[in-house]
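Enquirer: Compact mmCIF, C-alpha atoms, saved as query36.txt, coming up:
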```
# COMPACT_ATOMS: atom_id res chain seq x y z
CA MET Q 1 46.43 129.11 79.34
CA ARG Q 2 49.04 129.98 76.68
CA PRO Q 3 51.91 130.38 79.23
CA ARG Q 4 51.19 126.88 80.58
CA ILE Q 5 51.44 125.43 77.08
CA THR Q 6 54.73 127.23 76.49
CA ILE Q 7 56.11 126.07 79.84
CA LEU Q 8 54.98 122.51 79.12
CA ALA Q 9 56.57 122.59 75.66
CA LEU Q 10 59.80 123.94 77.14
CA ALA Q 11 59.78 121.31 79.86
CA VAL Q 12 59.34 118.55 77.29
CA LEU Q 13 62.14 120.00 75.12
CA LEU Q 14 64.43 120.36 78.12
CA THR Q 15 63.69 116.82 79.28
CA CYS Q 16 64.43 115.47 75.80
CA MET Q 17 67.66 117.43 75.56
CA LEU Q 18 68.86 116.33 78.98
CA ALA Q 19 67.79 112.73 78.69
CA GLY Q 20 69.40 112.62 75.28
CA CYS Q 21 66.28 111.20 73.67
CA SER Q 22 66.90 108.16 71.59
CA LYS Q 23 69.66 108.64 69.04
CA SER Q 24 67.07 108.46 66.26
CA GLU Q 25 65.47 111.62 67.60
CA THR Q 26 68.40 114.03 67.52
CA PRO Q 27 69.64 116.17 64.63
CA MET Q 28 72.98 114.33 64.76
CA THR Q 29 71.29 111.19 63.43
CA TYR Q 30 70.44 113.03 60.22
CA ILE Q 31 73.64 115.01 59.71
CA ASP Q 32 74.88 112.69 56.95
CA GLN Q 33 71.44 112.39 55.34
CA VAL Q 34 70.87 116.08 54.57
CA GLY Q 35 72.90 118.85 53.04
CA SER Q 36 73.91 121.95 54.93
CA THR Q 37 71.41 124.80 55.22
CA ASP Q 38 72.72 128.28 56.03
CA LEU Q 39 71.42 129.11 59.51
CA SER Q 40 74.12 131.68 60.27
CA GLY Q 41 71.54 134.47 60.44
CA GLU Q 42 69.70 132.76 63.30
CA LYS Q 43 70.83 134.76 66.32
CA GLY Q 44 68.02 134.43 68.86
CA GLY Q 45 67.63 138.15 69.24
CA GLN Q 46 70.83 139.88 70.18
CA VAL Q 47 72.24 136.87 72.06
CA ALA Q 48 74.79 134.62 70.39
CA LEU Q 49 74.68 130.95 71.27
CA GLY Q 50 77.69 129.86 73.32
CA VAL Q 51 77.66 132.81 75.73
CA ASP Q 52 77.38 132.23 79.46
CA GLU Q 53 74.25 132.88 81.52
CA LYS Q 54 75.63 136.14 82.91
CA ALA Q 55 76.12 137.53 79.38
CA LEU Q 56 72.58 136.41 78.47
CA VAL Q 57 71.06 138.33 81.39
CA GLU Q 58 73.29 141.35 80.72
CA GLN Q 59 72.08 141.46 77.12
CA MET Q 60 68.41 140.54 77.61
CA GLY Q 61 67.74 141.82 81.13
CA LYS Q 62 66.05 139.94 83.93
CA PRO Q 63 64.00 137.01 82.57
CA ILE Q 64 60.28 136.76 83.18
CA ARG Q 65 60.91 133.33 84.66
CA THR Q 66 63.62 130.71 84.95
CA LEU Q 67 63.18 126.96 85.15
CA ASN Q 68 65.73 124.43 86.37
CA ASP Q 69 65.66 120.68 85.99
CA GLY Q 70 67.30 120.30 89.39
CA GLY Q 71 70.67 119.84 87.75
CA ARG Q 72 72.84 121.52 85.19
CA SER Q 73 70.21 122.98 82.84
CA PHE Q 74 68.20 126.17 82.97
CA ILE Q 75 65.58 127.82 80.79
CA PHE Q 76 65.50 131.61 80.76
CA MET Q 77 62.07 132.80 79.63
CA TYR Q 78 61.66 136.14 77.92
CA GLU Q 79 58.77 137.57 75.93
CA THR Q 80 60.53 137.00 72.60
CA TYR Q 81 62.73 133.94 73.16
CA GLN Q 82 63.25 131.15 75.68
CA TYR Q 83 66.92 130.24 76.08
CA THR Q 84 68.30 126.92 77.29
CA SER Q 85 71.65 126.73 79.05
CA ILE Q 86 73.58 123.65 80.03
CA ASP Q 87 76.52 123.96 82.41
CA ASN Q 88 76.27 127.78 82.23
CA VAL Q 89 76.47 127.90 78.40
CA VAL Q 90 73.52 129.09 76.30
CA MET Q 91 73.07 126.17 73.90
CA GLY Q 92 69.74 126.91 72.25
CA TYR Q 93 66.55 128.88 72.13
CA MET Q 94 62.90 128.64 71.17
CA ILE Q 95 61.11 131.42 69.36
CA GLY Q 96 58.26 133.09 71.19
CA PRO Q 97 54.88 134.01 69.69
CA ALA Q 98 55.92 137.60 68.97
CA SER Q 99 59.20 136.67 67.24
CA ALA Q 100 60.32 135.17 63.95
CA THR Q 101 63.40 133.46 62.55
CA ALA Q 102 66.00 135.49 60.64
CA LYS Q 103 64.18 134.63 57.41
CA GLY Q 104 60.76 135.53 58.82
CA LEU Q 105 59.25 132.15 59.80
CA LYS Q 106 56.94 132.43 62.80
CA LEU Q 107 54.61 130.33 64.88
CA GLY Q 108 51.36 129.61 63.04
CA ASP Q 109 52.96 129.66 59.56
CA ALA Q 110 52.46 126.69 57.26
CA LYS Q 111 55.05 123.97 56.62
CA ALA Q 112 55.12 125.22 53.01
CA ASP Q 113 56.33 128.62 54.32
CA ALA Q 114 59.22 126.93 56.14
CA VAL Q 115 60.19 124.98 53.03
CA LYS Q 116 59.95 128.11 50.88
CA LEU Q 117 62.24 130.02 53.26
CA TYR Q 118 64.74 127.29 54.18
CA GLY Q 119 64.57 124.83 51.28
CA ASP Q 120 63.83 121.19 50.62
CA ASP Q 121 66.94 119.79 52.29
CA PHE Q 122 65.39 118.87 55.65
CA TYR Q 123 64.85 115.71 57.65
CA THR Q 124 61.58 114.58 59.19
CA ARG Q 125 61.29 112.84 62.54
CA SER Q 126 58.70 112.01 65.17
CA VAL Q 127 55.78 111.60 62.82
CA LYS Q 128 52.80 110.97 65.09
CA GLY Q 129 49.42 111.43 63.49
CA ALA Q 130 49.03 115.08 62.56
CA SER Q 131 52.31 116.04 64.31
CA SER Q 132 55.86 115.89 63.04
CA THR Q 133 59.15 117.73 63.23
CA ILE Q 134 61.27 118.88 60.33
CA GLY Q 135 64.86 119.91 60.81
CA TYR Q 136 67.61 121.80 59.06
CA ILE Q 137 71.31 121.50 59.85
CA ASP Q 138 74.04 124.07 59.24
CA LYS Q 139 77.19 121.98 59.13
CA THR Q 140 79.46 125.03 58.98
CA ALA Q 141 77.92 127.00 61.86
CA LYS Q 142 77.18 123.71 63.69
CA LEU Q 143 73.54 124.60 64.32
CA ALA Q 144 70.25 122.76 64.01
CA MET Q 145 66.81 124.27 63.55
CA GLU Q 146 63.84 122.08 64.35
CA ILE Q 147 60.32 123.07 63.44
CA GLU Q 148 57.52 121.24 65.21
CA LEU Q 149 54.38 120.97 63.11
CA LYS Q 150 50.80 120.08 63.90
CA ASP Q 151 48.38 119.80 60.99
CA ASP Q 152 51.21 121.27 58.85
CA LEU Q 153 51.30 124.47 60.92
CA VAL Q 154 54.38 125.64 62.86
CA LYS Q 155 53.87 125.12 66.59
CA ASN Q 156 57.47 125.48 67.86
CA ILE Q 157 60.78 126.58 66.40
CA SER Q 158 64.04 125.81 68.17
CA VAL Q 159 67.64 126.52 67.25
CA THR Q 160 70.40 124.60 69.03
CA MET Q 161 74.13 124.10 68.86
CA LEU Q 162 74.98 120.64 67.53
CA SER Q 163 77.43 120.18 70.40
CA MET Q 164 74.42 119.90 72.68
CA TYR Q 165 73.75 116.43 71.28
CA GLY Q 166 77.20 114.94 71.39
```
Could the structure of this file be written out as structure tokens, please?

Expert:
Amino acid sequence: MRPRITILALAVLLTCMLAGCSKSETPMTYIDQVGSTDLSGEKGGQVALGVDEKALVEQMGKPIRTLNDGGRSFIFMYETYQYTSIDNVVMGYMIGPASATAKGLKLGDAKADAVKLYGDDFYTRSVKGASSTIGYIDKTAKLAMEIELKDDLVKNISVTMLSMYG
């Protein structure tokens, strides 16, 4: 059952990214409302964002699975990370259950753990009942980290290039 949930979450994320979601739901909306948080250590394993799909596969090996939206976007699923590419450029990734961020945040941690590790300078969006998303922006590295929460526990962590939204 867990792989289906991951695939569903990735499909929803990919759909949102491709459809552009409403402007109020992207990190770019909040860029002037929060300070910069250093996310330069967030590397998504050994793969740097901005590489092409060939470099991703050369570095990570053959993915467990790939998904395509029928157009210009792909998701490359690995045990540790799921990478999203648009027009052959790796633009973001989601952390898998066996991985953690550069500062040690992992799925299942509490919101308080995220705030302790990354600070109070975050935005909140998509508050729906017990679910919400908090986000950090690195204005220098041009990265966003979004942490999806349910009942104040980390359910998903994604890191994306800000250029993906503009």

Enquirer: Which residue is closest to Asp69 in chain Q? Choose from Q:Leu56, Q:Leu117, Q:Leu39, Q:Ile86 and count all atoms listed in the file.

Expert: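 Using all atoms listed in the file, the shortest distance to Asp69 in chain Q belongs to Q:Ile86.
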
Enquirer: Check the smallest atom-to-atom distance from each of Q:Thr29, Q:Ser73, Q:Thr84, Q:Ser36 to Val51 in chain Q using all atoms listed in the file, then report the winner.

Expert: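 Among the listed residues, the smallest separation from Val51 in chain Q belongs to Q:Thr84.
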
Enquirer: Let me make sure I understand: among Q:Gly35, Q:Gly50, Q:Gly61, Q:Gly92, which one has the smallest atom-to-atom distance to Glu79 in chain Q if we use only C-alpha atoms?

Expert: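 Ranked by minimum distance to Glu79 in chain Q, first place goes to Q:Gly61.
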
Enquirer: Between Q:Ala141, Q:Ala102, Q:Ile31, Q:Met94, which residue has the minimum interatomic distance to Lys155 in chain Q, considering all atoms listed in the file?

Expert: Q:Met94

Enquirer: Just the number, please: distance in Å from CA of Ala48 in chain Q to CA of Met91 in chain Q, one decimal.

Expert: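 We find that CA of Ala48 in chain Q and CA of Met91 in chain Q lie 9.3 Å from each other.
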
Enquirer: List as a PyMOL selection string the residues having at least one atom at most 10 Å from position (63.5, 123.7, 62.1) as given in the file, counting all atoms listed in the file.

Expert: chain Q and resi 39+101+105+114-115+118+122-124+133-137+144-149+154+156-160

Enquirer: Could you check which of Q:Ile95, Q:Lys106, Q:Asp151, Q:Asp138 is closest to Asp121 in chain Q, using only C-alpha atoms?

Expert: Q:Asp138

Enquirer: Mind pulling up the distance from CA of Leu143 in chain Q to CA of Ser163 in chain Q?

Expert: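 A separation of 8.5 Å between them.
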
Enquirer: Any idea what the distance is between CA of Lys54 in chain Q and CA of Gly166 in chain Q?

Expert: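 Computing the Euclidean distance for CA of Lys54 in chain Q and CA of Gly166 in chain Q yields 24.2 Å.
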
Enquirer: Which residue, Q:Lys111, Q:Ala130, Q:Tyr93, Q:Lys139, has the smallest gap to Glu42 in chain Q when you use all atoms listed in the file?

Expert: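 That would be Q:Tyr93, the residue with the smallest distance to Glu42 in chain Q.
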
Enquirer: Quick one: what's the axis-aligned box for range 92-103 of chain Q, all listed atoms, 4 Å on every side, centre and edges in Å to one decimal, as JSON?

Expert:
```
{"center_x": 62.3, "center_y": 132.3, "center_z": 64.8, "size_x": 22.9, "size_y": 18.7, "size_z": 22.8}
```

Enquirer: Could range 34-154 of chain Q be written out with C-alpha atoms, as a short mmCIF file (atom, residue, chain, number, x, y, z; two decimals), in the first residue's frame, please?

Expert:
```
data_model
loop_
_atom_site.label_atom_id
_atom_site.label_comp_id
_atom_site.auth_asym_id
_atom_site.auth_seq_id
_atom_site.Cartn_x
_atom_site.Cartn_y
_atom_site.Cartn_z
CA VAL Q 34 10.02 35.50 4.40
CA GLY Q 35 13.74 35.85 4.88
CA SER Q 36 16.24 33.58 3.20
CA THR Q 37 17.00 30.20 4.78
CA ASP Q 38 20.24 28.46 3.86
CA LEU Q 39 19.26 25.36 1.89
CA SER Q 40 22.60 25.03 0.09
CA GLY Q 41 23.28 21.70 1.82
CA GLU Q 42 20.16 20.13 0.30
CA LYS Q 43 21.58 18.02 -2.51
CA GLY Q 44 19.07 15.20 -3.03
CA GLY Q 45 21.67 12.52 -2.60
CA GLN Q 46 24.59 12.91 -4.93
CA VAL Q 47 22.53 14.58 -7.67
CA ALA Q 48 22.64 18.35 -8.08
CA LEU Q 49 19.47 20.05 -9.25
CA GLY Q 50 19.79 21.44 -12.77
CA VAL Q 51 21.45 18.37 -14.30
CA ASP Q 52 19.87 16.60 -17.24
CA GLU Q 53 18.07 13.25 -17.04
CA LYS Q 54 21.05 11.38 -18.50
CA ALA Q 55 23.33 12.67 -15.73
CA LEU Q 56 20.70 11.71 -13.13
CA VAL Q 57 20.58 8.11 -14.37
CA GLU Q 58 24.38 7.97 -14.68
CA GLN Q 59 24.72 9.06 -11.05
CA MET Q 60 21.81 7.16 -9.50
CA GLY Q 61 21.51 4.14 -11.79
CA LYS Q 62 18.36 2.80 -13.36
CA PRO Q 63 15.26 4.06 -11.51
CA ILE Q 64 12.80 1.66 -9.92
CA ARG Q 65 10.09 3.34 -11.96
CA THR Q 66 9.49 6.40 -14.10
CA LEU Q 67 6.25 8.30 -14.53
CA ASN Q 68 5.39 10.72 -17.32
CA ASP Q 69 2.51 13.15 -17.49
CA GLY Q 70 2.24 12.58 -21.23
CA GLY Q 71 4.21 15.74 -21.88
CA ARG Q 72 7.42 17.36 -20.81
CA SER Q 73 7.69 16.14 -17.20
CA PHE Q 74 9.03 12.93 -15.72
CA ILE Q 75 9.41 11.50 -12.24
CA PHE Q 76 12.34 9.18 -11.63
CA MET Q 77 11.63 6.99 -8.61
CA TYR Q 78 14.47 5.62 -6.52
CA GLU Q 79 14.48 4.06 -3.07
CA THR Q 80 15.89 7.20 -1.45
CA TYR Q 81 14.58 10.08 -3.58
CA GLN Q 82 12.03 10.77 -6.30
CA TYR Q 83 13.29 13.31 -8.84
CA THR Q 84 11.15 15.51 -11.06
CA SER Q 85 12.43 16.71 -14.42
CA ILE Q 86 10.85 19.22 -16.74
CA ASP Q 87 12.14 19.55 -20.30
CA ASN Q 88 15.03 17.18 -19.48
CA VAL Q 89 16.24 19.23 -16.47
CA VAL Q 90 16.05 17.84 -12.93
CA MET Q 91 14.13 20.60 -11.13
CA GLY Q 92 13.26 19.02 -7.79
CA TYR Q 93 13.05 15.97 -5.62
CA MET Q 94 11.05 14.44 -2.79
CA ILE Q 95 12.69 12.63 0.08
CA GLY Q 96 11.91 8.95 0.44
CA PRO Q 97 11.12 7.15 3.70
CA ALA Q 98 14.71 5.97 4.20
CA SER Q 99 16.28 9.41 3.62
CA ALA Q 100 16.60 12.72 5.44
CA THR Q 101 17.36 16.33 4.59
CA ALA Q 102 20.91 17.66 4.94
CA LYS Q 103 20.04 18.78 8.47
CA GLY Q 104 18.45 15.44 9.40
CA LEU Q 105 14.70 16.07 8.99
CA LYS Q 106 12.83 12.95 7.91
CA LEU Q 107 9.33 11.73 7.25
CA GLY Q 108 7.42 11.19 10.49
CA ASP Q 109 9.26 13.94 12.40
CA ALA Q 110 7.25 16.64 14.15
CA LYS Q 111 6.75 20.17 12.82
CA ALA Q 112 8.71 21.35 15.88
CA ASP Q 113 11.71 19.33 14.61
CA ALA Q 114 11.55 21.14 11.25
CA VAL Q 115 11.38 24.52 12.95
CA LYS Q 116 14.25 23.61 15.27
CA LEU Q 117 16.42 22.57 12.30
CA TYR Q 118 15.46 25.25 9.76
CA GLY Q 119 14.19 28.15 11.86
CA ASP Q 120 11.08 30.26 12.31
CA ASP Q 121 11.31 32.09 8.99
CA PHE Q 122 8.84 29.96 7.03
CA TYR Q 123 5.54 30.51 5.27
CA THR Q 124 2.40 28.43 5.72
CA ARG Q 125 0.01 27.55 2.92
CA SER Q 126 -2.79 25.12 2.15
CA VAL Q 127 -4.14 24.85 5.66
CA LYS Q 128 -6.91 22.26 5.41
CA GLY Q 129 -8.04 20.79 8.69
CA ALA Q 130 -5.16 18.83 10.18
CA SER Q 131 -3.01 19.30 7.04
CA SER Q 132 -0.79 22.19 6.03
CA THR Q 133 2.45 22.95 4.26
CA ILE Q 134 5.31 25.04 5.57
CA GLY Q 135 8.01 26.32 3.28
CA TYR Q 136 11.50 27.73 3.40
CA ILE Q 137 13.15 29.72 0.62
CA ASP Q 138 16.86 30.12 -0.08
CA LYS Q 139 17.03 33.33 -2.07
CA THR Q 140 20.74 32.93 -2.81
CA ALA Q 141 20.66 29.31 -4.00
CA LYS Q 142 17.19 29.90 -5.52
CA LEU Q 143 15.67 26.85 -3.84
CA ALA Q 144 12.45 26.14 -1.98
CA MET Q 145 11.81 23.42 0.56
CA GLU Q 146 8.22 22.54 1.29
CA ILE Q 147 7.24 20.30 4.17
CA GLU Q 148 3.76 18.81 4.07
CA LEU Q 149 2.34 18.19 7.52
CA LYS Q 150 -0.59 16.16 8.78
CA ASP Q 151 -1.41 16.41 12.48
CA ASP Q 152 1.89 18.34 12.81
CA LEU Q 153 3.91 15.37 11.53
CA VAL Q 154 6.06 15.49 8.37
#
```
